[in-house]
Amino acid sequence: ARQFRARIPSDWGITSFSSLISGHEVETDLPDHDPVSWQEETIESVTGQTTGNEPLSIFDFPRGPRAGSLLHKVMEQVDFSRAGEGEREDLVRNLLADYGYEEQWTAAICGMLENTLGASLSEEHQGLKLSLVPTNCRLTELEFYFPMRLITPTDLASIFEGESVSSSMAYIPERIEALEFSPIRGFMKGYIDLVFQWNGKYYLVDWKSNHLGPDIEAYSQGSMEEEMLRHFYVLQCYIYCLALDQYLSLRLPGYDYQRHFGGAFYIFLRGMDAEKAPKYGVYGTRPSVDLIKRLRKGLLETKGS
């Protein structure tokens, strides 16, 4: 039998957002569900113990990987429309049992669902609510791969030089350059929690189960920006934006970034309030045309590059 004698370059592989920030190769084929924040959770925070006789709220719900996976699964399976309201309790109750939680959390999670689906996601487009997005206009858990050229932390950081949407985000290059992954090329992979189409534009959504505090005010724009920067979610966001940009360029005839790309929403589920969003709980962004071009040039492996 013929033997394989060629060498596979040590810098070639399949990588992901998680592997970039951890400095390790891809360890799983499963979606990333807030892996960074879980590392900071304590044993006590996973128990979900409460005191007093007040009704349980989503702020009381346990933290950690199991809780995060449950909340993601709820958002993946729930019917966004008003017509599905009657089935939500059954869905939540069944998933709680599947993940080993007590039925007492049903009302808290159903309340979170009502707030999330009924909230306005954009100041600019007040009518943009997930409850109004038809089933045939959305994709859940969209898996992607794209060919990636050789990159180092310095290369990655340089893409974001001069790109800041706020004072705190001005530190993006500095944060990225501090990453410790080895030079890598090959393929970037990931899962986008939700892609949906609204009025001719396409948006991506990432669900975040992070616990930032005991009330809605803890999920302010400033607090979410800090969380986005602290856990490198802003890097994840722009990688996902590039992935969706490439997906649309292949699937949508006549695709034009300016005309068709709506933006990204990072939705902090515990901080959603239909009356106070998008000021609280919703971190929205849209890469500039210049940044998306730099992402394409800096990350994508193309013929002749």
# chains A, B, ... in the order shown; residues from 1 in each chain; ligands from 1
call {"tool": "closest_atom_pairs", "arguments": {"of": "range 134-154 of chain A", "to": "range 189-200 of chain A", "cutoff": "9 Å", "atoms": "only C-alpha atoms", "output": "JSON lines"}}
result
{"residue": "A:Pro134", "atom": "CA", "partner": "A:Phe196", "partner_atom": "CA", "distance": 8.9}
{"residue": "A:Asn136", "atom": "CA", "partner": "A:Phe196", "partner_atom": "CA", "distance": 8.9}
{"residue": "A:Cys137", "atom": "CA", "partner": "A:Gln197", "partner_atom": "CA", "distance": 5.3}
{"residue": "A:Arg138", "atom": "CA", "partner": "A:Phe196", "partner_atom": "CA", "distance": 4.1}
{"residue": "A:Leu139", "atom": "CA", "partner": "A:Val195", "partner_atom": "CA", "distance": 5.1}
{"residue": "A:Thr140", "atom": "CA", "partner": "A:Leu194", "partner_atom": "CA", "distance": 4.5}
{"residue": "A:Glu141", "atom": "CA", "partner": "A:Asp193", "partner_atom": "CA", "distance": 4.5}
{"residue": "A:Leu142", "atom": "CA", "partner": "A:Ile192", "partner_atom": "CA", "distance": 5.0}
{"residue": "A:Glu143", "atom": "CA", "partner": "A:Tyr191", "partner_atom": "CA", "distance": 4.3}
{"residue": "A:Phe144", "atom": "CA", "partner": "A:Lys189", "partner_atom": "CA", "distance": 5.5}
{"residue": "A:Tyr145", "atom": "CA", "partner": "A:Lys189", "partner_atom": "CA", "distance": 4.4}
{"residue": "A:Phe146", "atom": "CA", "partner": "A:Lys189", "partner_atom": "CA", "distance": 6.7}
call {"tool": "write_last_selection", "arguments": {"atoms": "N, CA and C atoms", "output": "compact mmCIF listing (two decimals), in the first residue's frame"}}
result
# COMPACT_ATOMS: atom_id res chain seq x y z
N PRO A 134 -40.39 36.55 10.50
CA PRO A 134 -40.99 35.25 10.15
C PRO A 134 -39.96 34.12 10.21
N ASN A 136 -39.37 31.84 8.09
CA ASN A 136 -38.66 31.63 6.83
C ASN A 136 -37.65 32.73 6.52
N CYS A 137 -37.50 33.68 7.44
CA CYS A 137 -36.52 34.77 7.25
C CYS A 137 -35.37 34.67 8.25
N ARG A 138 -35.17 33.50 8.82
CA ARG A 138 -34.07 33.36 9.77
C ARG A 138 -33.42 31.98 9.69
N LEU A 139 -32.15 31.94 10.04
CA LEU A 139 -31.37 30.71 10.13
C LEU A 139 -30.78 30.63 11.53
N THR A 140 -30.87 29.46 12.15
CA THR A 140 -30.30 29.29 13.49
C THR A 140 -29.06 28.41 13.42
N GLU A 141 -28.10 28.71 14.29
CA GLU A 141 -26.85 27.95 14.38
C GLU A 141 -26.21 27.75 13.00
N LEU A 142 -25.96 28.87 12.32
CA LEU A 142 -25.34 28.81 10.99
C LEU A 142 -23.85 28.52 11.13
N GLU A 143 -23.44 27.34 10.70
CA GLU A 143 -22.03 26.95 10.77
C GLU A 143 -21.29 27.51 9.56
N PHE A 144 -20.08 27.98 9.79
CA PHE A 144 -19.30 28.51 8.67
C PHE A 144 -17.85 28.05 8.76
N TYR A 145 -17.22 28.03 7.59
CA TYR A 145 -15.78 27.89 7.45
C TYR A 145 -15.36 28.90 6.39
N PHE A 146 -14.24 29.56 6.59
CA PHE A 146 -13.67 30.33 5.48
C PHE A 146 -12.15 30.17 5.48
call {"tool": "select_by_dssp", "arguments": {"residues": "range 37-270 of chain A", "states": "strand (DSSP E or B)", "output": "ChimeraX atom specification"}}
result
/A:138-151,184-198,201-208,261-268
call {"tool": "write_last_selection", "arguments": {"atoms": "N, CA and C atoms", "output": "compact mmCIF listing (two decimals), in the first residue's frame"}}
result
# COMPACT_ATOMS: atom_id res chain seq x y z
N ARG A 138 -35.17 33.50 8.82
CA ARG A 138 -34.07 33.36 9.77
C ARG A 138 -33.42 31.98 9.69
N LEU A 139 -32.15 31.94 10.04
CA LEU A 139 -31.37 30.71 10.13
C LEU A 139 -30.78 30.63 11.53
N THR A 140 -30.87 29.46 12.15
CA THR A 140 -30.30 29.29 13.49
C THR A 140 -29.06 28.41 13.42
N GLU A 141 -28.10 28.71 14.29
CA GLU A 141 -26.85 27.95 14.38
C GLU A 141 -26.21 27.75 13.00
N LEU A 142 -25.96 28.87 12.32
CA LEU A 142 -25.34 28.81 10.99
C LEU A 142 -23.85 28.52 11.13
N GLU A 143 -23.44 27.34 10.70
CA GLU A 143 -22.03 26.95 10.77
C GLU A 143 -21.29 27.51 9.56
N PHE A 144 -20.08 27.98 9.79
CA PHE A 144 -19.30 28.51 8.67
C PHE A 144 -17.85 28.05 8.76
N TYR A 145 -17.22 28.03 7.59
CA TYR A 145 -15.78 27.89 7.45
C TYR A 145 -15.36 28.90 6.39
N PHE A 146 -14.24 29.56 6.59
CA PHE A 146 -13.67 30.33 5.48
C PHE A 146 -12.15 30.17 5.48
N PRO A 147 -11.54 30.18 4.28
CA PRO A 147 -10.09 30.01 4.18
C PRO A 147 -9.37 31.21 4.78
N MET A 148 -8.38 30.95 5.62
CA MET A 148 -7.72 32.02 6.36
C MET A 148 -6.23 32.04 6.04
N ARG A 149 -5.74 33.23 5.74
CA ARG A 149 -4.32 33.38 5.46
C ARG A 149 -3.52 33.33 6.76
N LEU A 150 -2.22 33.28 6.67
CA LEU A 150 -1.36 33.23 7.85
C LEU A 150 -1.51 34.51 8.67
N ILE A 151 -1.83 34.36 9.96
CA ILE A 151 -1.98 35.53 10.83
C ILE A 151 -1.25 35.31 12.14
N ILE A 184 -0.92 31.08 12.58
CA ILE A 184 -1.86 30.05 12.14
C ILE A 184 -2.47 30.43 10.80
N ARG A 185 -2.67 29.44 9.95
CA ARG A 185 -3.40 29.61 8.70
C ARG A 185 -4.19 28.34 8.45
N GLY A 186 -5.08 28.40 7.48
CA GLY A 186 -5.91 27.23 7.18
C GLY A 186 -7.36 27.61 7.02
N PHE A 187 -8.19 27.30 8.04
CA PHE A 187 -9.61 27.63 7.99
C PHE A 187 -10.07 28.19 9.33
N MET A 188 -10.91 29.20 9.26
CA MET A 188 -11.62 29.72 10.43
C MET A 188 -13.01 29.11 10.42
N LYS A 189 -13.42 28.59 11.58
CA LYS A 189 -14.75 28.00 11.68
C LYS A 189 -15.51 28.62 12.83
N GLY A 190 -16.81 28.48 12.80
CA GLY A 190 -17.63 28.99 13.89
C GLY A 190 -19.10 28.73 13.65
N TYR A 191 -19.91 29.14 14.60
CA TYR A 191 -21.36 29.02 14.52
C TYR A 191 -21.97 30.36 14.87
N ILE A 192 -22.82 30.87 14.01
CA ILE A 192 -23.55 32.10 14.29
C ILE A 192 -24.91 31.70 14.86
N ASP A 193 -25.23 32.20 16.05
CA ASP A 193 -26.46 31.78 16.72
C ASP A 193 -27.70 32.01 15.86
N LEU A 194 -27.77 33.18 15.23
CA LEU A 194 -28.97 33.51 14.45
C LEU A 194 -28.61 34.49 13.35
N VAL A 195 -29.11 34.24 12.16
CA VAL A 195 -29.06 35.19 11.05
C VAL A 195 -30.50 35.44 10.62
N PHE A 196 -30.88 36.70 10.47
CA PHE A 196 -32.24 36.98 10.01
C PHE A 196 -32.25 38.12 9.00
N GLN A 197 -33.32 38.13 8.22
CA GLN A 197 -33.50 39.16 7.19
C GLN A 197 -34.65 40.07 7.58
N TRP A 198 -34.43 41.36 7.46
CA TRP A 198 -35.45 42.34 7.83
C TRP A 198 -35.38 43.51 6.85
N LYS A 201 -32.38 43.69 4.53
CA LYS A 201 -31.04 43.65 5.12
C LYS A 201 -30.88 42.41 5.99
N TYR A 202 -29.64 41.98 6.15
CA TYR A 202 -29.34 40.76 6.90
C TYR A 202 -28.55 41.10 8.16
N TYR A 203 -28.96 40.48 9.25
CA TYR A 203 -28.37 40.75 10.56
C TYR A 203 -27.94 39.43 11.20
N LEU A 204 -26.93 39.51 12.06
CA LEU A 204 -26.57 38.35 12.87
C LEU A 204 -26.82 38.66 14.34
N VAL A 205 -27.12 37.61 15.08
CA VAL A 205 -27.38 37.73 16.52
C VAL A 205 -26.51 36.71 17.26
N ASP A 206 -25.93 37.15 18.36
CA ASP A 206 -25.24 36.23 19.27
C ASP A 206 -25.87 36.39 20.64
N TRP A 207 -26.32 35.27 21.21
CA TRP A 207 -26.94 35.30 22.53
C TRP A 207 -25.86 35.24 23.60
N LYS A 208 -25.91 36.13 24.56
CA LYS A 208 -24.97 36.11 25.67
C LYS A 208 -25.74 35.89 26.98
N PHE A 261 -26.08 44.44 4.13
CA PHE A 261 -25.60 44.03 5.46
C PHE A 261 -26.14 44.99 6.51
N GLY A 262 -26.99 44.45 7.40
CA GLY A 262 -27.63 45.30 8.40
C GLY A 262 -26.78 45.56 9.63
N GLY A 263 -26.11 44.52 10.14
CA GLY A 263 -25.30 44.69 11.34
C GLY A 263 -25.36 43.47 12.23
N ALA A 264 -24.85 43.64 13.45
CA ALA A 264 -24.78 42.55 14.43
C ALA A 264 -25.39 43.01 15.74
N PHE A 265 -26.10 42.10 16.39
CA PHE A 265 -26.67 42.36 17.72
C PHE A 265 -26.15 41.30 18.69
N TYR A 266 -25.49 41.76 19.73
CA TYR A 266 -25.12 40.88 20.83
C TYR A 266 -26.13 41.12 21.94
N ILE A 267 -26.97 40.11 22.17
CA ILE A 267 -28.11 40.26 23.07
C ILE A 267 -27.79 39.58 24.40
N PHE A 268 -27.69 40.40 25.44
CA PHE A 268 -27.42 39.90 26.79
C PHE A 268 -28.76 39.54 27.43
call {"tool": "residues_around", "arguments": {"residues": "Trp105 in chain A", "least_positions_apart": "6", "cutoff": "10 Å", "atoms": "only C-alpha atoms", "output": "number ranges by chain"}}
result
A: 48, 55-58, 60-62, 92-93, 96
call {"tool": "write_last_selection", "arguments": {"atoms": "N, CA and C atoms", "output": "compact mmCIF listing (two decimals), in the first residue's frame"}}
result
# COMPACT_ATOMS: atom_id res chain seq x y z
N GLY A 48 -27.58 28.45 41.81
CA GLY A 48 -28.83 29.16 41.66
C GLY A 48 -29.62 29.27 42.93
N PRO A 55 -40.35 36.40 44.03
CA PRO A 55 -40.38 35.51 42.86
C PRO A 55 -39.00 35.42 42.21
N LEU A 56 -38.68 34.26 41.70
CA LEU A 56 -37.40 34.08 41.02
C LEU A 56 -37.38 34.88 39.72
N SER A 57 -36.25 35.51 39.44
CA SER A 57 -36.11 36.27 38.20
C SER A 57 -34.95 35.70 37.39
N ILE A 58 -34.79 36.18 36.18
CA ILE A 58 -33.71 35.71 35.32
C ILE A 58 -32.35 36.08 35.91
N ASP A 60 -31.61 35.68 38.98
CA ASP A 60 -31.33 34.63 39.96
C ASP A 60 -30.92 33.31 39.30
N PHE A 61 -31.22 33.19 38.01
CA PHE A 61 -30.99 31.90 37.34
C PHE A 61 -29.50 31.54 37.41
N PRO A 62 -29.19 30.25 37.62
CA PRO A 62 -27.80 29.82 37.74
C PRO A 62 -26.92 30.28 36.57
N VAL A 92 -40.03 25.46 27.54
CA VAL A 92 -39.11 25.81 28.62
C VAL A 92 -39.11 24.73 29.70
N ARG A 93 -40.28 24.27 30.05
CA ARG A 93 -40.39 23.24 31.10
C ARG A 93 -39.65 21.96 30.69
N LEU A 96 -35.83 22.62 30.71
CA LEU A 96 -35.33 22.67 32.09
C LEU A 96 -35.09 21.25 32.61
call {"tool": "residues_around", "arguments": {"residues": "range 17-21 of chain A", "least_positions_apart": "6", "cutoff": "7 Å", "atoms": "only C-alpha atoms", "output": "list of chain:residue names"}}
result
A:Leu179, A:Phe181, A:Gln236
call {"tool": "closest_residue", "arguments": {"among": "A:Arg88, A:His231, A:Lys293, A:Lys276", "to": "Gly118 in chain A", "atoms": "only C-alpha atoms"}}
result
A:Lys276
call {"tool": "residues_around", "arguments": {"residues": "Leu212 in chain A", "least_positions_apart": "5", "cutoff": "10 Å", "atoms": "only C-alpha atoms", "output": "list of chain:residue names"}}
result
A:Phe59, A:Glu217, A:Ala218, A:Tyr219, A:Ser220, A:Ser223, A:Met224, A:Glu227, A:Phe268, A:Arg270, A:Gly271
call {"tool": "write_last_selection", "arguments": {"atoms": "N, CA and C atoms", "output": "PDB file, in the first residue's frame"}}
result
ATOM      1  N   PHE A  59     -32.308  37.103  36.773  1.00  0.00           N
ATOM      2  CA  PHE A  59     -31.047  37.473  37.428  1.00  0.00           C
ATOM      3  C   PHE A  59     -30.631  36.416  38.450  1.00  0.00           C
ATOM      4  N   GLU A 217     -30.211  47.819  34.963  1.00  0.00           N
ATOM      5  CA  GLU A 217     -29.237  48.897  34.846  1.00  0.00           C
ATOM      6  C   GLU A 217     -27.803  48.373  34.741  1.00  0.00           C
ATOM      7  N   ALA A 218     -27.573  47.149  35.186  1.00  0.00           N
ATOM      8  CA  ALA A 218     -26.228  46.560  35.089  1.00  0.00           C
ATOM      9  C   ALA A 218     -25.864  46.203  33.653  1.00  0.00           C
ATOM     10  N   TYR A 219     -26.848  46.270  32.756  1.00  0.00           N
ATOM     11  CA  TYR A 219     -26.637  45.901  31.362  1.00  0.00           C
ATOM     12  C   TYR A 219     -26.690  47.128  30.463  1.00  0.00           C
ATOM     13  N   SER A 220     -26.102  48.216  30.927  1.00  0.00           N
ATOM     14  CA  SER A 220     -26.051  49.463  30.166  1.00  0.00           C
ATOM     15  C   SER A 220     -25.079  49.320  29.000  1.00  0.00           C
ATOM     16  N   SER A 223     -21.513  49.075  30.292  1.00  0.00           N
ATOM     17  CA  SER A 223     -21.198  47.773  30.890  1.00  0.00           C
ATOM     18  C   SER A 223     -21.029  46.699  29.824  1.00  0.00           C
ATOM     19  N   MET A 224     -21.888  46.735  28.817  1.00  0.00           N
ATOM     20  CA  MET A 224     -21.781  45.740  27.752  1.00  0.00           C
ATOM     21  C   MET A 224     -20.516  45.952  26.928  1.00  0.00           C
ATOM     22  N   GLU A 227     -17.704  44.425  28.738  1.00  0.00           N
ATOM     23  CA  GLU A 227     -17.765  42.964  28.634  1.00  0.00           C
ATOM     24  C   GLU A 227     -17.322  42.503  27.246  1.00  0.00           C
ATOM     25  N   PHE A 268     -27.689  40.405  25.443  1.00  0.00           N
ATOM     26  CA  PHE A 268     -27.419  39.903  26.793  1.00  0.00           C
ATOM     27  C   PHE A 268     -28.759  39.541  27.426  1.00  0.00           C
ATOM     28  N   ARG A 270     -30.045  38.172  30.051  1.00  0.00           N
ATOM     29  CA  ARG A 270     -30.479  38.508  31.412  1.00  0.00           C
ATOM     30  C   ARG A 270     -30.818  39.991  31.546  1.00  0.00           C
ATOM     31  N   GLY A 271     -30.350  40.802  30.634  1.00  0.00           N
ATOM     32  CA  GLY A 271     -30.573  42.240  30.725  1.00  0.00           C
ATOM     33  C   GLY A 271     -31.633  42.774  29.781  1.00  0.00           C
TER      34      GLY A 271
END
call {"tool": "closest_residue", "arguments": {"among": "A:Lys279, A:Arg63, A:His72, A:Tyr247", "to": "Ala119 in chain A", "atoms": "only C-alpha atoms"}}
result
A:Lys279
call {"tool": "decode", "arguments": {"residues": "range 199-227 of chain A", "atoms": "N, CA and C atoms", "output": "PDB file, in the first residue's frame"}}
result
ATOM      1  N   ASN A 199     -36.480  43.741   6.126  1.00  0.00           N
ATOM      2  CA  ASN A 199     -36.549  44.845   5.167  1.00  0.00           C
ATOM      3  C   ASN A 199     -35.363  44.866   4.206  1.00  0.00           C
ATOM      4  N   GLY A 200     -35.006  43.695   3.709  1.00  0.00           N
ATOM      5  CA  GLY A 200     -33.963  43.608   2.696  1.00  0.00           C
ATOM      6  C   GLY A 200     -32.546  43.595   3.219  1.00  0.00           C
ATOM      7  N   LYS A 201     -32.376  43.691   4.527  1.00  0.00           N
ATOM      8  CA  LYS A 201     -31.036  43.653   5.119  1.00  0.00           C
ATOM      9  C   LYS A 201     -30.884  42.409   5.995  1.00  0.00           C
ATOM     10  N   TYR A 202     -29.640  41.981   6.149  1.00  0.00           N
ATOM     11  CA  TYR A 202     -29.337  40.765   6.899  1.00  0.00           C
ATOM     12  C   TYR A 202     -28.553  41.104   8.163  1.00  0.00           C
ATOM     13  N   TYR A 203     -28.957  40.482   9.252  1.00  0.00           N
ATOM     14  CA  TYR A 203     -28.367  40.746  10.564  1.00  0.00           C
ATOM     15  C   TYR A 203     -27.940  39.430  11.202  1.00  0.00           C
ATOM     16  N   LEU A 204     -26.934  39.514  12.064  1.00  0.00           N
ATOM     17  CA  LEU A 204     -26.570  38.348  12.867  1.00  0.00           C
ATOM     18  C   LEU A 204     -26.817  38.658  14.339  1.00  0.00           C
ATOM     19  N   VAL A 205     -27.117  37.609  15.082  1.00  0.00           N
ATOM     20  CA  VAL A 205     -27.376  37.728  16.521  1.00  0.00           C
ATOM     21  C   VAL A 205     -26.515  36.714  17.261  1.00  0.00           C
ATOM     22  N   ASP A 206     -25.931  37.149  18.365  1.00  0.00           N
ATOM     23  CA  ASP A 206     -25.244  36.231  19.267  1.00  0.00           C
ATOM     24  C   ASP A 206     -25.872  36.386  20.644  1.00  0.00           C
ATOM     25  N   TRP A 207     -26.320  35.271  21.207  1.00  0.00           N
ATOM     26  CA  TRP A 207     -26.939  35.296  22.534  1.00  0.00           C
ATOM     27  C   TRP A 207     -25.855  35.241  23.602  1.00  0.00           C
ATOM     28  N   LYS A 208     -25.914  36.133  24.560  1.00  0.00           N
ATOM     29  CA  LYS A 208     -24.975  36.110  25.672  1.00  0.00           C
ATOM     30  C   LYS A 208     -25.741  35.889  26.976  1.00  0.00           C
ATOM     31  N   SER A 209     -25.301  34.898  27.739  1.00  0.00           N
ATOM     32  CA  SER A 209     -25.964  34.578  29.009  1.00  0.00           C
ATOM     33  C   SER A 209     -25.218  35.155  30.204  1.00  0.00           C
ATOM     34  N   ASN A 210     -24.219  35.997  29.953  1.00  0.00           N
ATOM     35  CA  ASN A 210     -23.391  36.572  31.024  1.00  0.00           C
ATOM     36  C   ASN A 210     -24.230  37.266  32.090  1.00  0.00           C
ATOM     37  N   HIS A 211     -23.821  37.109  33.326  1.00  0.00           N
ATOM     38  CA  HIS A 211     -24.467  37.783  34.457  1.00  0.00           C
ATOM     39  C   HIS A 211     -23.639  39.015  34.800  1.00  0.00           C
ATOM     40  N   LEU A 212     -24.143  40.202  34.456  1.00  0.00           N
ATOM     41  CA  LEU A 212     -23.406  41.445  34.706  1.00  0.00           C
ATOM     42  C   LEU A 212     -23.844  42.131  35.988  1.00  0.00           C
ATOM     43  N   GLY A 213     -24.975  41.722  36.547  1.00  0.00           N
ATOM     44  CA  GLY A 213     -25.467  42.349  37.764  1.00  0.00           C
ATOM     45  C   GLY A 213     -26.891  41.944  38.067  1.00  0.00           C
ATOM     46  N   PRO A 214     -27.452  42.450  39.180  1.00  0.00           N
ATOM     47  CA  PRO A 214     -28.757  41.989  39.665  1.00  0.00           C
ATOM     48  C   PRO A 214     -29.957  42.754  39.121  1.00  0.00           C
ATOM     49  N   ASP A 215     -29.726  43.688  38.186  1.00  0.00           N
ATOM     50  CA  ASP A 215     -30.851  44.459  37.653  1.00  0.00           C
ATOM     51  C   ASP A 215     -30.549  44.912  36.231  1.00  0.00           C
ATOM     52  N   ILE A 216     -31.576  45.456  35.563  1.00  0.00           N
ATOM     53  CA  ILE A 216     -31.447  45.876  34.170  1.00  0.00           C
ATOM     54  C   ILE A 216     -30.340  46.904  33.996  1.00  0.00           C
ATOM     55  N   GLU A 217     -30.211  47.819  34.963  1.00  0.00           N
ATOM     56  CA  GLU A 217     -29.237  48.897  34.846  1.00  0.00           C
ATOM     57  C   GLU A 217     -27.803  48.373  34.741  1.00  0.00           C
ATOM     58  N   ALA A 218     -27.573  47.149  35.186  1.00  0.00           N
ATOM     59  CA  ALA A 218     -26.228  46.560  35.089  1.00  0.00           C
ATOM     60  C   ALA A 218     -25.864  46.203  33.653  1.00  0.00           C
ATOM     61  N   TYR A 219     -26.848  46.270  32.756  1.00  0.00           N
ATOM     62  CA  TYR A 219     -26.637  45.901  31.362  1.00  0.00           C
ATOM     63  C   TYR A 219     -26.690  47.128  30.463  1.00  0.00           C
ATOM     64  N   SER A 220     -26.102  48.216  30.927  1.00  0.00           N
ATOM     65  CA  SER A 220     -26.051  49.463  30.166  1.00  0.00           C
ATOM     66  C   SER A 220     -25.079  49.320  29.000  1.00  0.00           C
ATOM     67  N   GLN A 221     -25.106  50.299  28.095  1.00  0.00           N
ATOM     68  CA  GLN A 221     -24.193  50.259  26.962  1.00  0.00           C
ATOM     69  C   GLN A 221     -22.738  50.224  27.426  1.00  0.00           C
ATOM     70  N   GLY A 222     -22.413  51.020  28.437  1.00  0.00           N
ATOM     71  CA  GLY A 222     -21.045  51.035  28.944  1.00  0.00           C
ATOM     72  C   GLY A 222     -20.616  49.703  29.523  1.00  0.00           C
ATOM     73  N   SER A 223     -21.513  49.075  30.292  1.00  0.00           N
ATOM     74  CA  SER A 223     -21.198  47.773  30.890  1.00  0.00           C
ATOM     75  C   SER A 223     -21.029  46.699  29.824  1.00  0.00           C
ATOM     76  N   MET A 224     -21.888  46.735  28.817  1.00  0.00           N
ATOM     77  CA  MET A 224     -21.781  45.740  27.752  1.00  0.00           C
ATOM     78  C   MET A 224     -20.516  45.952  26.928  1.00  0.00           C
ATOM     79  N   GLU A 225     -20.157  47.209  26.683  1.00  0.00           N
ATOM     80  CA  GLU A 225     -18.915  47.482  25.956  1.00  0.00           C
ATOM     81  C   GLU A 225     -17.711  46.921  26.704  1.00  0.00           C
ATOM     82  N   GLU A 226     -17.694  47.121  28.007  1.00  0.00           N
ATOM     83  CA  GLU A 226     -16.596  46.586  28.816  1.00  0.00           C
ATOM     84  C   GLU A 226     -16.540  45.068  28.711  1.00  0.00           C
ATOM     85  N   GLU A 227     -17.704  44.425  28.738  1.00  0.00           N
ATOM     86  CA  GLU A 227     -17.765  42.964  28.634  1.00  0.00           C
ATOM     87  C   GLU A 227     -17.322  42.503  27.246  1.00  0.00           C
TER      88      GLU A 227
END
